[in-house]
file query-v1.csv (CSV, C-alpha atoms)
chain,number,residue,atom,x,y,z
X,24,MET,CA,89.2,60.1,69.8
X,25,LYS,CA,87.5,59.8,73.2
X,26,LYS,CA,89.0,63.2,74.1
X,27,ALA,CA,87.3,64.8,71.1
X,28,LYS,CA,83.8,63.6,72.2
X,29,THR,CA,83.9,65.6,75.3
X,30,GLY,CA,85.4,68.8,73.8
X,31,GLY,CA,84.1,72.3,73.4
X,32,LEU,CA,81.7,71.6,70.6
X,33,GLY,CA,79.6,69.4,72.9
X,34,ARG,CA,78.3,67.1,70.0
X,35,GLY,CA,81.1,64.7,69.8
X,36,LEU,CA,82.3,63.2,66.5
X,37,GLY,CA,78.9,63.8,64.8
X,38,ALA,CA,79.4,67.5,65.1
X,39,LEU,CA,82.7,67.2,63.5
X,40,GLY,CA,81.4,65.3,60.5
X,41,LEU,CA,82.8,62.0,61.7
X,42,GLY,CA,80.2,59.3,62.2
X,43,LYS,CA,80.3,55.5,62.6
X,44,ASN,CA,81.9,55.0,59.1
X,45,ALA,CA,84.9,57.1,60.1
X,46,LEU,CA,85.3,55.1,63.4
X,47,ALA,CA,85.0,51.8,61.5
X,48,GLY,CA,87.6,52.9,59.0
X,49,ALA,CA,90.0,53.9,61.8
X,50,ALA,CA,89.6,50.5,63.5
X,51,LYS,CA,90.8,48.4,60.5
X,52,PRO,CA,94.2,47.0,61.5
X,53,THR,CA,94.9,45.4,58.1
X,54,GLU,CA,94.4,48.6,56.1
X,55,PRO,CA,96.6,51.3,57.5
X,56,PRO,CA,95.6,54.7,56.1
X,57,ALA,CA,97.7,56.6,53.6
X,58,PRO,CA,99.8,59.3,55.1
X,59,ALA,CA,97.6,62.2,53.9
X,60,ALA,CA,94.2,60.6,54.9
X,61,PRO,CA,94.6,60.8,58.7
X,62,THR,CA,95.6,64.4,58.5
X,63,GLU,CA,92.3,65.4,56.8
X,64,THR,CA,90.1,63.4,59.2
X,65,ALA,CA,92.1,63.9,62.3
X,66,ALA,CA,92.4,67.7,62.0
X,67,PRO,CA,88.9,68.4,63.3
X,68,THR,CA,89.3,66.1,66.3
X,69,ALA,CA,92.8,67.3,67.3
X,70,GLN,CA,91.5,70.4,69.1
X,71,ALA,CA,87.7,70.0,69.5
X,72,GLY,CA,85.9,73.3,69.4
X,73,THR,CA,88.4,75.0,67.1
X,74,PRO,CA,87.9,75.5,63.4
X,75,ALA,CA,89.1,72.9,60.9
X,76,ALA,CA,90.4,73.5,57.4
X,77,LEU,CA,88.5,72.2,54.4
X,78,PRO,CA,89.3,72.5,50.7
X,79,VAL,CA,87.2,75.2,49.0
X,80,GLU,CA,86.2,72.7,46.3
X,81,ALA,CA,84.7,70.3,48.9
X,82,ILE,CA,82.1,72.9,50.0
X,83,ARG,CA,78.9,73.4,48.0
X,84,PRO,CA,76.6,76.3,48.4
X,85,ASN,CA,73.6,76.3,50.7
X,86,ARG,CA,70.6,75.1,48.7
X,87,PHE,CA,68.3,77.1,50.9
X,88,GLN,CA,70.2,80.4,50.7
X,89,PRO,CA,67.5,83.1,50.6
X,90,ARG,CA,69.9,85.8,49.3
X,91,ARG,CA,69.9,86.1,45.5
X,92,GLU,CA,71.8,89.3,45.0
X,93,PHE,CA,75.4,89.9,46.2
X,94,ASP,CA,76.9,93.4,46.0
X,95,GLU,CA,79.9,93.1,43.8
X,96,ALA,CA,81.7,96.1,45.3
X,97,ALA,CA,81.2,94.8,48.9
X,98,LEU,CA,82.4,91.3,47.7
X,99,GLU,CA,85.5,92.9,46.2
X,100,GLU,CA,86.2,94.7,49.5
X,101,LEU,CA,85.8,91.4,51.4
X,102,ARG,CA,88.1,89.7,48.9
X,103,GLU,CA,90.8,92.3,49.6
X,104,SER,CA,90.4,91.9,53.4
X,105,ILE,CA,90.6,88.1,53.2
X,106,ALA,CA,93.6,88.2,50.9
X,107,ARG,CA,95.4,90.5,53.4
X,108,HIS,CA,94.2,89.1,56.8
X,109,GLY,CA,92.6,85.7,56.0
X,110,ILE,CA,89.1,84.6,57.1
X,111,LEU,CA,88.7,85.6,60.8
X,112,GLN,CA,85.2,84.0,61.3
X,113,PRO,CA,85.0,80.3,60.3
X,114,LEU,CA,82.3,79.1,58.0
X,115,SER,CA,79.6,76.7,59.3
X,116,VAL,CA,79.2,73.5,57.3
X,117,ARG,CA,77.5,70.1,57.5
X,118,ASP,CA,78.8,66.8,56.3
X,119,ILE,CA,76.8,65.4,53.4
X,120,GLY,CA,79.1,62.3,52.8
X,121,GLY,CA,81.5,61.4,50.1
X,122,GLY,CA,84.0,64.0,51.3
X,123,LYS,CA,81.6,66.8,50.5
X,124,TYR,CA,80.1,69.4,52.8
X,125,GLU,CA,77.2,71.8,52.5
X,126,LEU,CA,77.5,75.4,53.6
X,127,ILE,CA,75.2,76.5,56.5
X,128,ALA,CA,76.5,80.0,57.0
X,129,GLY,CA,79.1,82.2,55.4
X,130,GLU,CA,78.4,82.3,51.6
X,131,ARG,CA,79.9,85.8,51.2
X,132,ARG,CA,83.1,84.6,52.9
X,133,LEU,CA,83.2,81.5,50.7
X,134,ARG,CA,82.7,83.5,47.5
X,135,ALA,CA,85.3,86.1,48.5
X,136,ALA,CA,87.8,83.3,49.4
X,137,ARG,CA,87.4,81.8,45.9
X,138,LEU,CA,88.0,85.2,44.4
X,139,ALA,CA,91.1,85.6,46.6
X,140,GLY,CA,92.4,82.3,45.3
X,141,LEU,CA,92.3,80.5,48.7
X,142,THR,CA,92.4,76.7,48.4
X,143,THR,CA,91.3,76.0,52.0
X,144,VAL,CA,89.0,77.8,54.5
X,145,PRO,CA,88.4,77.5,58.2
X,146,VAL,CA,85.1,75.8,59.1
X,147,VAL,CA,83.1,74.6,62.1
X,148,PHE,CA,81.1,71.4,61.7
X,149,ARG,CA,77.4,71.4,62.7
X,150,THR,CA,74.6,68.9,62.3
X,151,ALA,CA,71.3,70.2,60.8
X,152,THR,CA,68.2,69.0,59.0
X,153,ASP,CA,67.1,70.6,55.8
X,154,ALA,CA,64.6,72.7,57.7
X,155,GLU,CA,67.2,73.8,60.3
X,156,LEU,CA,69.6,74.6,57.4
X,157,ALA,CA,67.0,76.9,55.7
X,158,GLU,CA,66.2,78.4,59.1
X,159,MET,CA,69.8,79.1,60.0
X,160,ALA,CA,70.6,80.6,56.6
X,161,LEU,CA,67.6,82.9,56.9
X,162,ILE,CA,68.4,84.0,60.5
X,163,GLU,CA,72.0,84.8,59.6
X,164,ASN,CA,70.9,87.0,56.7
X,165,ILE,CA,68.3,88.7,58.9
X,166,GLN,CA,70.8,89.4,61.6
X,167,ARG,CA,73.2,90.9,59.1
X,168,GLU,CA,70.4,92.8,57.3
X,169,ASP,CA,71.6,91.3,54.0
X,170,LEU,CA,68.2,90.5,52.6
X,171,ASN,CA,66.0,92.8,50.6
X,172,PRO,CA,62.2,92.6,51.5
X,173,ILE,CA,61.4,90.3,48.6
X,174,GLU,CA,64.2,87.8,49.4
X,175,GLU,CA,63.0,87.8,53.0
X,176,ALA,CA,59.4,87.2,51.9
X,177,HIS,CA,60.4,84.3,49.7
X,178,ALA,CA,62.4,82.7,52.5
X,179,TYR,CA,59.5,83.0,54.9
X,180,GLN,CA,57.1,81.5,52.3
X,181,ARG,CA,59.4,78.5,51.8
X,182,LEU,CA,59.7,77.8,55.5
X,183,LEU,CA,55.9,78.1,55.9
X,184,THR,CA,55.0,75.8,52.9
X,185,GLU,CA,57.9,73.5,52.3
X,186,PHE,CA,58.6,72.7,56.0
X,187,ARG,CA,55.0,73.2,57.2
X,188,LEU,CA,55.8,75.8,59.9
X,189,SER,CA,53.0,77.9,61.2
X,190,GLN,CA,53.4,81.7,61.2
X,191,GLU,CA,53.5,81.7,65.0
X,192,GLU,CA,56.3,79.0,65.1
X,193,LEU,CA,58.3,80.7,62.4
X,194,ALA,CA,57.9,84.1,64.2
X,195,ARG,CA,59.4,82.5,67.4
X,196,ARG,CA,62.3,81.0,65.6
X,197,VAL,CA,63.4,84.1,63.7
X,198,ALA,CA,62.6,86.5,66.5
X,199,ARG,CA,59.9,88.4,64.5
X,200,SER,CA,56.3,89.2,65.3
X,201,ARG,CA,53.6,87.1,63.6
X,202,SER,CA,52.2,90.2,62.0
X,203,ALA,CA,55.7,91.0,60.5
X,204,ILE,CA,55.8,87.5,59.0
X,205,ALA,CA,52.3,87.9,57.6
X,206,ASN,CA,53.0,91.3,56.1
X,207,SER,CA,56.2,90.2,54.6
X,208,VAL,CA,54.7,87.2,52.8
X,209,ARG,CA,51.8,89.4,51.5
X,210,LEU,CA,54.4,91.3,49.4
X,211,LEU,CA,54.5,88.2,47.1
X,212,ARG,CA,50.9,89.0,46.0
X,213,LEU,CA,52.2,92.2,44.2
X,214,ALA,CA,53.0,92.2,40.5
X,215,GLU,CA,56.4,91.0,39.6
X,216,GLU,CA,57.4,94.5,38.3
X,217,VAL,CA,56.4,96.0,41.7
X,218,GLN,CA,58.4,93.4,43.6
X,219,ALA,CA,61.4,94.3,41.5
X,220,PHE,CA,61.0,97.9,42.5
X,221,ILE,CA,61.0,96.9,46.2
X,222,ALA,CA,64.0,94.5,45.8
X,223,ASN,CA,66.1,97.2,44.1
X,224,GLY,CA,65.2,99.9,46.6
X,225,VAL,CA,63.3,102.1,44.1
X,226,LEU,CA,60.2,102.0,46.3
X,227,THR,CA,59.9,101.6,50.1
X,228,MET,CA,57.7,99.3,52.0
X,229,GLY,CA,55.6,102.2,53.1
X,230,GLN,CA,55.0,103.3,49.5
X,231,VAL,CA,54.2,99.7,48.3
X,232,ARG,CA,52.1,98.2,51.1
X,233,PRO,CA,48.9,100.2,50.1
X,234,LEU,CA,49.1,98.6,46.6
X,235,LEU,CA,48.1,95.3,48.1
X,236,ALA,CA,44.5,96.7,48.1
X,237,LEU,CA,44.6,96.7,44.3
X,238,GLU,CA,43.7,93.3,42.9
X,239,SER,CA,44.8,94.0,39.3
X,240,ALA,CA,48.5,93.5,38.6
X,241,ALA,CA,48.3,96.0,35.8
X,242,LEU,CA,46.8,98.6,38.2
X,243,GLN,CA,49.4,97.8,40.8
X,244,ARG,CA,52.1,98.4,38.2
X,245,GLU,CA,50.5,101.6,37.0
X,246,ALA,CA,50.2,102.9,40.5
X,247,ALA,CA,53.8,102.0,41.3
X,248,GLU,CA,55.1,103.9,38.3
X,249,TYR,CA,53.0,106.9,39.3
X,250,ILE,CA,54.4,106.8,42.8
X,251,GLN,CA,57.9,106.8,41.4
X,252,GLU,CA,57.3,109.6,38.9
X,253,HIS,CA,55.7,111.9,41.4
X,254,GLU,CA,57.8,110.8,44.4
X,255,LEU,CA,54.8,110.2,46.6
X,256,SER,CA,55.2,109.5,50.3
X,257,ALA,CA,53.6,106.5,52.0
X,258,ARG,CA,50.6,108.7,52.9
X,259,GLY,CA,50.4,109.9,49.3
X,260,ALA,CA,50.5,106.3,48.1
X,261,GLU,CA,47.6,105.5,50.4
X,262,ALA,CA,45.5,108.4,49.0
X,263,LEU,CA,46.4,107.3,45.4
X,264,VAL,CA,45.2,103.7,46.1
X,265,LYS,CA,41.9,105.0,47.6
X,266,ARG,CA,41.4,107.1,44.5
X,267,LEU,CA,42.1,104.1,42.2
X,268,ALA,CA,39.8,101.8,44.2
X,269,LYS,CA,36.9,104.1,43.4
X,270,ASP,CA,38.0,104.8,39.8
X,271,PRO,CA,40.5,102.4,38.2
X,272,ASN,CA,40.8,104.8,35.2
X,273,ALA,CA,41.6,107.9,37.3
X,274,LEU,CA,45.2,108.1,36.2
X,275,LYS,CA,44.4,107.6,32.6
X,276,ARG,CA,41.8,110.4,32.8
X,277,SER,CA,44.2,112.8,34.4
X,278,ALA,CA,46.8,112.2,31.8
X,279,GLN,CA,47.5,114.6,28.9
X,280,PRO,CA,44.3,115.1,26.8
X,281,ALA,CA,46.1,114.5,23.5
X,282,LYS,CA,45.4,111.0,22.5
X,283,LYS,CA,48.2,108.9,21.2
X,284,PRO,CA,47.9,105.7,19.1
X,285,ALA,CA,47.9,102.6,21.2
X,286,PRO,CA,51.4,101.2,21.4
X,287,ASP,CA,52.3,98.1,19.5
X,288,ILE,CA,51.7,94.9,21.5
X,289,PHE,CA,55.3,93.9,21.0
X,290,VAL,CA,56.5,97.3,22.2
X,291,ARG,CA,54.4,97.0,25.3
X,292,ASP,CA,55.8,93.5,26.0
X,293,ALA,CA,59.3,94.8,25.6
X,294,GLU,CA,58.6,97.6,28.1
X,295,GLU,CA,57.3,95.1,30.7
X,296,ARG,CA,60.3,92.8,30.2
X,297,LEU,CA,62.8,95.7,30.6
X,298,THR,CA,60.9,97.0,33.6
X,299,ARG,CA,61.1,93.6,35.3
X,300,SER,CA,64.8,93.1,34.3
X,301,LEU,CA,66.0,96.6,35.4
X,302,GLY,CA,63.7,97.1,38.3
X,303,THR,CA,62.6,100.6,37.3
X,304,LYS,CA,60.3,102.3,35.0
X,305,VAL,CA,61.1,101.9,31.3
X,306,ARG,CA,59.3,103.6,28.4
X,307,ILE,CA,59.7,102.9,24.7
X,308,GLN,CA,58.5,105.7,22.4
X,309,GLU,CA,58.0,104.8,18.8
X,310,GLY,CA,59.4,107.1,16.2
X,311,ARG,CA,57.8,108.4,13.1
X,312,GLU,CA,59.8,106.0,11.0
X,313,LYS,CA,58.9,102.4,11.4
X,314,GLY,CA,61.3,100.4,13.4
X,315,LYS,CA,62.9,103.4,15.1
X,316,GLY,CA,62.2,105.0,18.5
X,317,ARG,CA,63.6,106.0,21.8
X,318,LEU,CA,64.2,103.9,25.0
X,319,GLU,CA,63.8,105.9,28.2
X,320,ILE,CA,65.0,104.4,31.6
X,321,SER,CA,64.1,106.3,34.7
X,322,TYR,CA,66.1,106.5,37.9
X,323,PHE,CA,65.3,108.0,41.3
X,324,SER,CA,68.5,108.5,43.1
X,325,MET,CA,72.3,108.5,42.4
X,326,ASP,CA,72.5,105.0,44.0
X,327,ASP,CA,69.7,103.8,41.7
X,328,LEU,CA,71.6,105.3,38.7
X,329,GLU,CA,74.8,103.5,39.6
X,330,ARG,CA,72.9,100.3,40.0
X,331,LEU,CA,71.4,100.7,36.5
X,332,LEU,CA,74.8,101.6,35.0
X,333,SER,CA,76.2,98.4,36.6
X,334,LEU,CA,73.4,96.3,35.0
X,335,LEU,CA,73.8,98.0,31.6
X,336,THR,CA,77.6,97.9,31.5
X,337,GLU,CA,78.4,94.4,32.7
X,338,THR,CA,81.8,94.1,31.1
X,339,GLU,CA,85.1,93.5,32.7
X,340,GLY,CA,86.6,96.6,31.3
X,341,VAL,CA,84.2,98.9,33.2
X,342,GLY,CA,85.7,99.9,36.6
X,343,LYS,CA,84.5,102.0,39.4
X,344,GLU,CA,86.2,105.2,38.1
X,345,ASP,CA,84.5,104.8,34.8
X,346,LYS,CA,81.1,104.5,36.5
X,347,ARG,CA,81.8,107.5,38.7
X,348,ALA,CA,82.8,109.6,35.7
X,349,ALA,CA,79.5,108.6,34.0
X,350,LEU,CA,77.6,109.6,37.1
X,351,ARG,CA,79.2,113.0,37.2
X,352,ALA,CA,78.4,113.5,33.5
X,353,ILE,CA,74.6,113.0,34.0
X,354,SER,CA,72.6,115.6,35.7
X,355,THR,CA,69.0,114.8,34.8
X,356,GLN,CA,66.6,112.5,36.6
X,357,SER,CA,66.2,110.1,33.7
X,358,PHE,CA,68.4,109.1,30.8
X,359,THR,CA,67.7,107.8,27.3
X,360,VAL,CA,69.6,105.2,25.4
call {"tool": "encode", "arguments": {"input": "query-v1.csv", "output": "structure tokens"}}
result
Amino acid sequence: MKKAKTGGLGRGLGALGLGKNALAGAAKPTEPPAPAAPTETAAPTAQAGTPAALPVEAIRPNRFQPRREFDEAALEELRESIARHGILQPLSVRDIGGGKYELIAGERRLRAARLAGLTTVPVVFRTATDAELAEMALIENIQREDLNPIEEAHAYQRLLTEFRLSQEELARRVARSRSAIANSVRLLRLAEEVQAFIANGVLTMGQVRPLLALESAALQREAAEYIQEHELSARGAEALVKRLAKDPNALKRSAQPAKKPAPDIFVRDAEERLTRSLGTKVRIQEGREKGKGRLEISYFSMDDLERLLSLLTETEGVGKEDKRAALRAISTQSFTV
């Protein structure tokens, strides 16, 4: 045990998840441990600085994981790699007592290991406060470029408010400029539908940033839809926002002169809900017969179309080849269901 304290990890038994309770338990002469118990606790101390093996079921996800979306195709590829070669980079965990551990870094590896049917995974023990845990999870995702802009903005906001960090301090910790942190957090002032467009890659940061000058969420949404439809550049988006700042009804006035009856309030609500859910423009056109109509879902690239197909065909029987066949069969820039 003394040897382990001076090993490569440099943090002694605490870094390996073994504290005073573990030492006290090992010192009891009248209660010799069961044969399996010393193997589990002694494994991390046998070769300090090298990964230990933990049961998958003993590891719980990181509560501060900023990433909300995990690419299923990439996860499947990782599963195949792990099934063939094993996990080459250990997961980082912290001991939370009761034989349980909380993940610090490596959620994709943990998910893929479960999919591959692994019962144990290699880990490295670390000590971390809640704030450090949130910070390390954010930094890992930033370094891997795994977060979309909205996930990154939410992570920054949480560190700023929940853990009372200043923008300057947060910028130093995550190796970003203070202005980058400020601009990222400002994205959360956009309408939810517009945030969904950014998160799904339908709109870029350059196209969306000018919309922050519009205070109305409805106007932000209207401008975002117009930018998508007309494929405006960042400079075009800026010109559009200047135009709307002077005349909020500019887009309505430039629309087709033929007046249509105002859509039913429930239809409009359905459009907004579908837009938020799918992260792209959705239109519902009511038919002449009551209760009938057409649902139009727009997409703006083949990747965007494949994303929408994945969302709309979330069944186990739909494979990659089925989706590719569907993509080849569609040649327009919007489709109707």
call {"tool": "closest_residue", "arguments": {"input": "query-v1.csv", "among": "X:Ala219, X:Met159, X:Val146, X:Ala75", "to": "Arg244 of chain X", "atoms": "only C-alpha atoms"}}
result
X:Ala219
call {"tool": "atom_distance", "arguments": {"input": "query-v1.csv", "atom1": "atom CA of Leu156 of chain X", "atom2": "atom CA of Arg83 of chain X"}}
result
13.3 Å
call {"tool": "atom_distance", "arguments": {"input": "query-v1.csv", "atom1": "atom CA of Val79 of chain X", "atom2": "atom CA of Gly109 of chain X"}}
result
13.7 Å
call {"tool": "residues_around", "arguments": {"input": "query-v1.csv", "residues": "Ala151 of chain X", "least_positions_apart": "6", "cutoff": "10 Å", "atoms": "all atoms listed in the file", "output": "ChimeraX atom specification"}}
result
/X:38,116-118,127,157-159
call {"tool": "residues_near_point", "arguments": {"input": "query-v1.csv", "point": "(91.6, 77.5, 50.0)", "cutoff": "7 Å", "atoms": "all atoms listed in the file", "output": "ChimeraX atom specification"}}
result
/X:78-79,136,140-144
call {"tool": "residues_around", "arguments": {"input": "query-v1.csv", "residues": "Leu211 of chain X", "least_positions_apart": "4", "cutoff": "10 Å", "atoms": "only C-alpha atoms", "output": "MDAnalysis selection string"}}
result
chainID X and resid 172:174 176:177 180 206:207 215 217:218 235
call {"tool": "atom_distance", "arguments": {"input": "query-v1.csv", "atom1": "atom CA of Gln230 of chain X", "atom2": "atom CA of Glu245 of chain X"}}
result
13.4 Å
